[in-house]
Amino acid sequence: MPSIKYTYFDGRGLGEVNRVMLAAGGMKYEDVRLHESKWAGMKSATPMGELPLLEVDGTTICQSNSIARYIAREAGLAGKTSIDQAKVDMIMEGARSLFDKAAQIFILPEAEKAVRKKKLEEKEAPELLEYLNKLASGKGYFVGDQLTAADVALYVNYESVGSLTIALPSLDKYPNLKKVAENVKANPGIAKWLKERPVTTY
Amino acid sequence: MAPKYKLTYFDVRARAEPTRLLFAAAGVEYEDVRVQRQDWEALKPTTPMGQLPLLEVDGVTLCQSMSIARFVARETGMDGMTRLERAQADAFVDELEELVPKLAGLLVFTTDETEKEEKAKALDKMIAEKLGRCEKLSGSEGHLVGNSLLWCDLVFYNIAYNIEELYKAGTLQSYPKLAKVYDTVKANPRIAKWVAERPAGQFNI
């Protein structure tokens with residue numbers, strides 16, 4: 001049984017997809033939450049000066065998306081065939097792009113922030129969610145007919161963008177995505193994690 | 001018999017080129033479709049996520065340039081030798097990818113001189129940070145990860161090519177291990193042939 005240690009800040013942000021997948025896979029891990037004050041001292045010792053990190057049996061992996069893909073493979077959420085894995089990958093990227101757009105808005109000066117927020121809420125997000133809705137099945141799965149990292153990524157990124165006070169359209173408008181969210185929440189490991197995880201603003 | 005793979009992108013290197021380099025390195029045939037700007041609006045709503053590139057294979061249409069590249073790397077045995085190596089190769093790609101739109105933004109899409117200067121300053125800082133990090137982690141024998149040509153080497157080569165050839169020649173001199181990776185890819189006969197013969201493209205990026 002490999003020893004797994006996941007290090008991120010004490011929040012969800014771009015680190016939460018990984019925690020949710022570890023939960024779905026029933027994988028035990030040390031959930032290290034770093035206070036911002038401790039980060040400066042640690043930064044230069046990390047592979048690329050960023051969090052999150054995944055330490056597995058002495059090897060440290062960085063880059064949230066690379067960690068996500070690795071955990072997905074280990075947890076059986078990556079997709080059964082090579083093509084399925086590529087489909088899972090592409091959905092994860094699409095879902096993550098929603099979060100990245102929202103996060104970028106936050107460092108902008110106020111006037112620009114308001115304009116970009118409006119653009120995201122009224123144009124970019126509805127367009128992307130429409131595309132993603134078409135890519136998900138009526139049963140609520142992006143690939144095949146069981147839970148993959150693609151479904152988890154949609155749910156967690158949608159939730160995280162909402163936490164950044166971006167007013168996304170309700171999933172009621174996207175019936176397939178609504179089903180995806182329900183399937184994610186219904187996974188026993190995930191349901192347990194969602195109930196027990198530390199509550200953070202974002 | 002038609003090739004198994006059909007790659008569709010604009011008539012540039014940019015985000016599709018790592019996949020083209022992979023096909024070249026592996027000696028795998030594919031259809032290299034280049035969409036003209038005026039034909040894009042009509043094509044867009046028919047795509048999975050309203051973007052290019054696309055890869056069509058076995059009746060499936062894949063999108064997202066790095067998902068496509070990773071898939072082709074897996075198909076051609078260039079994604080990594082072990083499970084952890086694959087994650088390490090992924091990490092290099094994730095780190096370097098941000099440079100792609102920044103390079104294109106400055107070199108192709110900015111004409112105002114003041115804006116160019118500002119963008120160049122920001123880009124120099126990003127290049128120094130990212131190449132510095134990659135230099136620290138890179139292997140010393142001409143490969144970023146492990147001992148063989150992997151897709152991360154090709155992703156790096158594509159970006160470094162634009163930096164060296166179009167932006168600031170000599171940048172890699174400050175990063176000897178990365179310079180070795182660059183030279184190793186450049187010297188690969190199949191890559192060299194593709195680079196010599198590939199279309200110039202609508203923009204040089």
# chains A, B, ... in the order shown; residues from 1 in each chain; ligands from 1

call {"tool": "select_by_dssp", "arguments": {"residues": "region 32-201 of chain B", "states": "alpha helix (DSSP H)", "output": "PyMOL selection string"}}
result
chain B and resi 37-43+65-75+83-97+99-107+113-137+151-162+176-187+189-197

call {"tool": "write_last_selection", "arguments": {"atoms": "C-alpha atoms", "output": "tab-separated table (two decimals), in the first residue's frame"}}
result
chain	number	residue	atom	x	y	z
B	37	ARG	CA	-9.55	31.76	-40.46
B	38	GLN	CA	-12.60	32.51	-42.64
B	39	ASP	CA	-13.83	28.91	-42.36
B	40	TRP	CA	-13.63	28.74	-38.58
B	41	GLU	CA	-16.97	30.39	-37.62
B	42	ALA	CA	-18.96	27.73	-39.46
B	43	LEU	CA	-16.88	24.89	-38.01
B	65	SER	CA	-4.37	20.26	-27.36
B	66	MET	CA	-2.53	18.67	-24.45
B	67	SER	CA	-5.09	15.87	-24.01
B	68	ILE	CA	-4.60	15.13	-27.70
B	69	ALA	CA	-0.82	15.22	-27.41
B	70	ARG	CA	-0.85	13.01	-24.32
B	71	PHE	CA	-3.09	10.50	-26.13
B	72	VAL	CA	-0.79	10.35	-29.16
B	73	ALA	CA	2.20	10.06	-26.81
B	74	ARG	CA	0.53	7.09	-25.16
B	75	GLU	CA	-0.31	5.51	-28.54
B	83	ARG	CA	3.38	5.47	-13.81
B	84	LEU	CA	5.36	8.06	-11.87
B	85	GLU	CA	7.43	9.01	-14.94
B	86	ARG	CA	4.19	9.77	-16.77
B	87	ALA	CA	3.17	12.13	-13.97
B	88	GLN	CA	6.60	13.81	-14.06
B	89	ALA	CA	6.39	14.27	-17.83
B	90	ASP	CA	2.90	15.71	-17.35
B	91	ALA	CA	4.24	18.16	-14.76
B	92	PHE	CA	6.83	19.58	-17.18
B	93	VAL	CA	4.14	20.05	-19.81
B	94	ASP	CA	1.76	21.75	-17.36
B	95	GLU	CA	4.55	24.11	-16.28
B	96	LEU	CA	5.69	25.04	-19.80
B	97	GLU	CA	2.28	25.32	-21.46
B	99	LEU	CA	4.37	30.14	-22.30
B	100	VAL	CA	2.54	29.21	-25.51
B	101	PRO	CA	-0.18	31.91	-25.49
B	102	LYS	CA	2.24	34.46	-23.99
B	103	LEU	CA	4.71	33.98	-26.86
B	104	ALA	CA	1.96	34.12	-29.48
B	105	GLY	CA	0.41	37.15	-27.81
B	106	LEU	CA	3.65	39.08	-27.99
B	107	LEU	CA	5.12	37.88	-31.27
B	113	GLU	CA	5.16	49.35	-29.29
B	114	THR	CA	4.49	50.29	-25.66
B	115	GLU	CA	2.32	47.22	-25.19
B	116	LYS	CA	5.05	45.11	-26.81
B	117	GLU	CA	7.63	46.40	-24.33
B	118	GLU	CA	5.39	45.65	-21.35
B	119	LYS	CA	4.58	42.17	-22.61
B	120	ALA	CA	8.25	41.46	-23.32
B	121	LYS	CA	9.15	42.37	-19.74
B	122	ALA	CA	6.45	40.06	-18.36
B	123	LEU	CA	7.46	37.29	-20.76
B	124	ASP	CA	11.16	37.55	-19.83
B	125	LYS	CA	10.24	37.16	-16.17
B	126	MET	CA	8.03	34.14	-16.93
B	127	ILE	CA	10.69	32.53	-19.14
B	128	ALA	CA	13.36	32.98	-16.44
B	129	GLU	CA	11.09	31.51	-13.74
B	130	LYS	CA	9.85	28.55	-15.74
B	131	LEU	CA	13.10	27.61	-17.48
B	132	GLY	CA	14.87	28.01	-14.15
B	133	ARG	CA	12.51	25.51	-12.52
B	134	CYS	CA	12.71	23.08	-15.43
B	135	GLU	CA	16.50	23.30	-15.49
B	136	LYS	CA	16.61	22.29	-11.83
B	137	LEU	CA	14.46	19.20	-12.45
B	151	TRP	CA	6.40	14.03	-25.36
B	152	CYS	CA	7.49	16.54	-22.72
B	153	ASP	CA	10.79	16.93	-24.61
B	154	LEU	CA	8.81	17.75	-27.76
B	155	VAL	CA	6.50	20.21	-25.97
B	156	PHE	CA	9.61	21.91	-24.59
B	157	TYR	CA	11.33	21.89	-27.99
B	158	ASN	CA	8.32	23.55	-29.66
B	159	ILE	CA	8.30	26.40	-27.15
B	160	ALA	CA	12.10	26.75	-27.06
B	161	TYR	CA	12.16	26.88	-30.87
B	162	ASN	CA	9.94	29.98	-30.83
B	176	PRO	CA	22.68	23.92	-20.04
B	177	LYS	CA	20.55	20.84	-19.28
B	178	LEU	CA	17.61	22.28	-21.21
B	179	ALA	CA	19.93	23.29	-24.05
B	180	LYS	CA	20.99	19.63	-24.23
B	181	VAL	CA	17.33	18.53	-24.42
B	182	TYR	CA	16.77	21.05	-27.22
B	183	ASP	CA	19.81	19.84	-29.17
B	184	THR	CA	18.85	16.19	-28.68
B	185	VAL	CA	15.38	16.76	-30.15
B	186	LYS	CA	16.79	18.91	-32.95
B	187	ALA	CA	19.26	16.17	-33.90
B	189	PRO	CA	16.53	12.60	-37.83
B	190	ARG	CA	12.74	12.32	-38.09
B	191	ILE	CA	12.23	15.58	-36.23
B	192	ALA	CA	14.89	17.32	-38.34
B	193	LYS	CA	13.16	16.14	-41.52
B	194	TRP	CA	9.75	17.38	-40.34
B	195	VAL	CA	11.14	20.74	-39.23
B	196	ALA	CA	12.82	21.21	-42.61
B	197	GLU	CA	9.72	20.21	-44.59

call {"tool": "residues_around", "arguments": {"residues": "Val60 (chain B)", "least_positions_apart": "5", "cutoff": "12 Å", "atoms": "only C-alpha atoms", "output": "list in words"}}
result
Ser82, Ile83, Asp84, Ala86, Lys87, Leu135 and Val143 of chain A; Lys4, Tyr5, Lys6, Leu7, Thr47, Pro48, Leu54, Leu55 and Ile68 of chain B

call {"tool": "closest_atom_pairs", "arguments": {"of": "chain A", "to": "chain B", "cutoff": "9 Å", "atoms": "only C-alpha atoms", "output": "tab-separated table"}}
result
residue	atom	partner	partner_atom	distance
A:Pro47	CA	B:Leu137	CA	7.0
A:Met48	CA	B:Arg133	CA	5.5
A:Gly49	CA	B:Arg133	CA	7.9
A:Val56	CA	B:Leu84	CA	8.8
A:Thr59	CA	B:Leu84	CA	8.0
A:Thr60	CA	B:Gln88	CA	8.9
A:Ile61	CA	B:Gln88	CA	6.5
A:Cys62	CA	B:Ala91	CA	6.3
A:Gln63	CA	B:Ala91	CA	5.4
A:Ser64	CA	B:Ala91	CA	8.4
A:Asn65	CA	B:Asp94	CA	7.4
A:Ser66	CA	B:Asp90	CA	5.4
A:Ile67	CA	B:Ala87	CA	6.8
A:Arg69	CA	B:Ala87	CA	7.5
A:Tyr70	CA	B:Ala87	CA	6.0
A:Arg73	CA	B:Arg83	CA	8.8
A:Ser82	CA	B:Phe71	CA	6.9
A:Ile83	CA	B:Phe71	CA	7.2
A:Gln85	CA	B:Phe71	CA	7.8
A:Ala86	CA	B:Phe71	CA	5.6
A:Lys87	CA	B:Leu62	CA	6.4
A:Val88	CA	B:Ser67	CA	8.7
A:Asp89	CA	B:Ser67	CA	5.5
A:Met90	CA	B:Gln64	CA	5.4
A:Ile91	CA	B:Gln64	CA	8.5
A:Glu93	CA	B:Gln64	CA	7.0
A:Gly94	CA	B:Met49	CA	7.6
A:Glu127	CA	B:Gly50	CA	8.8
A:Leu128	CA	B:Met49	CA	6.8
A:Glu130	CA	B:Met49	CA	9.0
A:Tyr131	CA	B:Met49	CA	5.5
A:Leu132	CA	B:Met49	CA	7.2
A:Lys134	CA	B:Pro48	CA	8.1
A:Leu135	CA	B:Pro48	CA	7.1

call {"tool": "atom_distance", "arguments": {"atom1": "CA of Gly140 (chain A)", "atom2": "CA of Pro53 (chain B)"}}
result
26.0 Å

call {"tool": "residues_around", "arguments": {"residues": "Leu149 (chain B)", "least_positions_apart": "6", "cutoff": "10 Å", "atoms": "only C-alpha atoms", "output": "mmCIF file with N, CA and C atoms, in the first residue's frame"}}
result
data_model
loop_
_atom_site.group_PDB
_atom_site.id
_atom_site.type_symbol
_atom_site.label_atom_id
_atom_site.label_comp_id
_atom_site.auth_asym_id
_atom_site.auth_seq_id
_atom_site.Cartn_x
_atom_site.Cartn_y
_atom_site.Cartn_z
ATOM 1 N N LEU B 22 5.170 14.606 -32.462
ATOM 2 C CA LEU B 22 5.037 13.217 -31.992
ATOM 3 C C LEU B 22 4.836 12.261 -33.160
ATOM 4 N N ALA B 25 8.134 11.967 -34.980
ATOM 5 C CA ALA B 25 9.127 11.172 -34.248
ATOM 6 C C ALA B 25 8.791 9.692 -34.298
ATOM 7 N N GLY B 77 3.955 5.293 -27.460
ATOM 8 C CA GLY B 77 4.923 4.856 -26.439
ATOM 9 C C GLY B 77 5.868 5.943 -25.982
ATOM 10 N N MET B 78 5.441 7.212 -26.080
ATOM 11 C CA MET B 78 6.326 8.296 -25.667
ATOM 12 C C MET B 78 5.757 9.103 -24.508
ATOM 13 N N ASP B 79 4.924 8.443 -23.661
ATOM 14 C CA ASP B 79 4.351 9.205 -22.550
ATOM 15 C C ASP B 79 5.153 9.034 -21.259
ATOM 16 N N GLY B 80 5.958 7.980 -21.183
ATOM 17 C CA GLY B 80 6.738 7.734 -19.962
ATOM 18 C C GLY B 80 6.808 6.242 -19.703
ATOM 19 N N GLY B 142 20.016 14.947 -21.911
ATOM 20 C CA GLY B 142 19.270 15.318 -23.113
ATOM 21 C C GLY B 142 17.806 14.939 -23.088
ATOM 22 N N HIS B 143 17.312 14.523 -21.879
ATOM 23 C CA HIS B 143 15.878 14.250 -21.736
ATOM 24 C C HIS B 143 15.398 14.835 -20.424
ATOM 25 N N VAL B 181 18.605 19.123 -23.996
ATOM 26 C CA VAL B 181 17.331 18.528 -24.422
ATOM 27 C C VAL B 181 16.962 19.073 -25.805
ATOM 28 N N THR B 184 19.149 17.607 -28.464
ATOM 29 C CA THR B 184 18.845 16.190 -28.676
ATOM 30 C C THR B 184 17.621 16.027 -29.571
ATOM 31 N N VAL B 185 16.588 16.826 -29.311
ATOM 32 C CA VAL B 185 15.381 16.755 -30.147
ATOM 33 C C VAL B 185 15.715 17.210 -31.563
ATOM 34 N N ASN B 188 17.363 14.658 -33.731
ATOM 35 C CA ASN B 188 16.595 13.451 -34.088
ATOM 36 C C ASN B 188 16.262 13.526 -35.584
#

call {"tool": "residues_around", "arguments": {"residues": "region 187-196 of chain A", "least_positions_apart": "4", "cutoff": "10 Å", "atoms": "only C-alpha atoms", "output": "list in words"}}
result
Arg19, Val20, Met21, Leu22, Ala23, Ala24, Gly25, Gly26, Met27, Leu147, Val152, Glu182 and Asn183 of chain A

call {"tool": "write_last_selection", "arguments": {"atoms": "N, CA, C and O atoms", "output": "short mmCIF file (atom, residue, chain, number, x, y, z; two decimals), in the first residue's frame"}}
result
data_model
loop_
_atom_site.label_atom_id
_atom_site.label_comp_id
_atom_site.auth_asym_id
_atom_site.auth_seq_id
_atom_site.Cartn_x
_atom_site.Cartn_y
_atom_site.Cartn_z
N ARG A 19 -8.43 15.83 -3.79
CA ARG A 19 -8.91 15.25 -2.53
C ARG A 19 -10.19 14.44 -2.78
O ARG A 19 -10.40 13.36 -2.22
N VAL A 20 -11.06 14.97 -3.62
CA VAL A 20 -12.32 14.28 -3.90
C VAL A 20 -12.05 12.95 -4.60
O VAL A 20 -12.69 11.94 -4.31
N MET A 21 -11.06 12.95 -5.51
CA MET A 21 -10.75 11.68 -6.22
C MET A 21 -10.11 10.67 -5.29
O MET A 21 -10.37 9.46 -5.41
N LEU A 22 -9.25 11.12 -4.40
CA LEU A 22 -8.66 10.20 -3.42
C LEU A 22 -9.78 9.57 -2.61
O LEU A 22 -9.76 8.37 -2.32
N ALA A 23 -10.79 10.37 -2.27
CA ALA A 23 -11.93 9.86 -1.50
C ALA A 23 -12.72 8.84 -2.32
O ALA A 23 -13.09 7.79 -1.84
N ALA A 24 -12.95 9.16 -3.59
CA ALA A 24 -13.71 8.25 -4.46
C ALA A 24 -12.99 6.92 -4.60
O ALA A 24 -13.61 5.86 -4.66
N GLY A 25 -11.66 6.97 -4.64
CA GLY A 25 -10.87 5.76 -4.80
C GLY A 25 -10.64 5.03 -3.50
O GLY A 25 -9.98 3.99 -3.47
N GLY A 26 -11.16 5.57 -2.41
CA GLY A 26 -10.95 4.96 -1.09
C GLY A 26 -9.47 4.91 -0.73
O GLY A 26 -9.01 3.98 -0.07
N MET A 27 -8.71 5.90 -1.19
CA MET A 27 -7.27 5.87 -0.96
C MET A 27 -6.92 6.67 0.29
O MET A 27 -7.25 7.85 0.38
N LEU A 147 -18.57 6.45 -13.12
CA LEU A 147 -17.88 7.67 -12.68
C LEU A 147 -16.43 7.69 -13.15
O LEU A 147 -15.71 6.70 -13.04
N VAL A 152 -16.00 14.11 -11.78
CA VAL A 152 -15.53 14.76 -10.55
C VAL A 152 -15.06 16.18 -10.85
O VAL A 152 -15.39 17.13 -10.14
N GLU A 182 -25.14 14.88 -9.54
CA GLU A 182 -25.83 13.93 -8.64
C GLU A 182 -25.03 12.64 -8.51
O GLU A 182 -24.90 12.09 -7.41
N ASN A 183 -24.50 12.15 -9.64
CA ASN A 183 -23.72 10.91 -9.60
C ASN A 183 -22.46 11.06 -8.76
O ASN A 183 -22.08 10.16 -8.02
#

call {"tool": "select_by_dssp", "arguments": {"residues": "chain A", "states": "strand (DSSP E or B)", "output": "list in words"}}
result
Ile4, Lys5, Tyr6, Thr7, Tyr8, Phe9, Glu30, Asp31, Val32, Arg33, Leu34, Leu53, Leu54, Glu55, Val56, Thr59, Thr60, Ile61 and Cys62 of chain A

call {"tool": "write_last_selection", "arguments": {"atoms": "C-alpha atoms", "output": "PDB file, in the first residue's frame"}}
result
ATOM      1  CA  ILE A   4       0.468   9.102   0.075  1.00  0.00           C
ATOM      2  CA  LYS A   5       0.823  12.647   1.348  1.00  0.00           C
ATOM      3  CA  TYR A   6      -1.060  15.520  -0.284  1.00  0.00           C
ATOM      4  CA  THR A   7      -0.029  19.063   0.533  1.00  0.00           C
ATOM      5  CA  TYR A   8      -2.040  22.168  -0.321  1.00  0.00           C
ATOM      6  CA  PHE A   9      -3.284  25.324   1.365  1.00  0.00           C
ATOM      7  CA  GLU A  30      -2.226  12.473   4.748  1.00  0.00           C
ATOM      8  CA  ASP A  31      -4.189  15.670   4.004  1.00  0.00           C
ATOM      9  CA  VAL A  32      -1.604  18.358   4.818  1.00  0.00           C
ATOM     10  CA  ARG A  33      -3.036  21.888   4.897  1.00  0.00           C
ATOM     11  CA  LEU A  34      -0.337  24.515   4.888  1.00  0.00           C
ATOM     12  CA  LEU A  53       2.251  18.404  -4.063  1.00  0.00           C
ATOM     13  CA  LEU A  54       1.686  14.684  -4.009  1.00  0.00           C
ATOM     14  CA  GLU A  55       4.314  12.560  -2.300  1.00  0.00           C
ATOM     15  CA  VAL A  56       4.094   8.876  -3.177  1.00  0.00           C
ATOM     16  CA  THR A  59       8.650  10.688  -5.101  1.00  0.00           C
ATOM     17  CA  THR A  60       7.167  14.204  -5.166  1.00  0.00           C
ATOM     18  CA  ILE A  61       4.826  15.135  -7.999  1.00  0.00           C
ATOM     19  CA  CYS A  62       3.764  18.760  -8.555  1.00  0.00           C
TER      20      CYS A  62
END

call {"tool": "residues_around", "arguments": {"residues": "Ala114 (chain A)", "least_positions_apart": "6", "cutoff": "12 Å", "atoms": "only C-alpha atoms", "output": "VMD selection string"}}
result
chain A and resid 102 105 to 108 120 to 121 165 to 166

call {"tool": "write_last_selection", "arguments": {"atoms": "N, CA and C atoms", "output": "JSON list (two decimals), in the first residue's frame"}}
result
[["chain", "number", "residue", "atom", "x", "y", "z"],
["A", 102, "ALA", "N", -12.11, 32.10, -13.68],
["A", 102, "ALA", "CA", -12.64, 32.75, -12.48],
["A", 102, "ALA", "C", -11.50, 33.22, -11.58],
["A", 105, "ILE", "N", -9.71, 36.38, -12.69],
["A", 105, "ILE", "CA", -10.48, 37.61, -12.52],
["A", 105, "ILE", "C", -10.17, 38.25, -11.18],
["A", 106, "PHE", "N", -9.88, 37.42, -10.21],
["A", 106, "PHE", "CA", -9.71, 37.93, -8.84],
["A", 106, "PHE", "C", -8.50, 38.80, -8.61],
["A", 107, "ILE", "N", -7.50, 38.69, -9.48],
["A", 107, "ILE", "CA", -6.32, 39.53, -9.24],
["A", 107, "ILE", "C", -6.38, 40.82, -10.05],
["A", 108, "LEU", "N", -7.49, 41.03, -10.74],
["A", 108, "LEU", "CA", -7.60, 42.22, -11.58],
["A", 108, "LEU", "C", -8.01, 43.45, -10.76],
["A", 120, "LEU", "N", -17.69, 36.56, -18.08],
["A", 120, "LEU", "CA", -17.64, 35.15, -17.70],
["A", 120, "LEU", "C", -19.04, 34.63, -17.37],
["A", 121, "GLU", "N", -19.77, 35.41, -16.57],
["A", 121, "GLU", "CA", -21.09, 34.97, -16.11],
["A", 121, "GLU", "C", -22.10, 34.91, -17.24],
["A", 165, "THR", "N", -17.54, 33.56, -5.76],
["A", 165, "THR", "CA", -18.64, 34.52, -5.97],
["A", 165, "THR", "C", -18.87, 34.88, -7.43],
["A", 166, "ILE", "N", -18.67, 33.90, -8.30],
["A", 166, "ILE", "CA", -19.08, 34.07, -9.70],
["A", 166, "ILE", "C", -20.47, 33.46, -9.81]]

call {"tool": "atom_distance", "arguments": {"atom1": "CA of Gly139 (chain B)", "atom2": "CA of Tyr175 (chain B)"}}
result
12.0 Å

call {"tool": "atom_distance", "arguments": {"atom1": "CA of Val180 (chain A)", "atom2": "CA of Tyr141 (chain A)"}}
result
5.7 Å
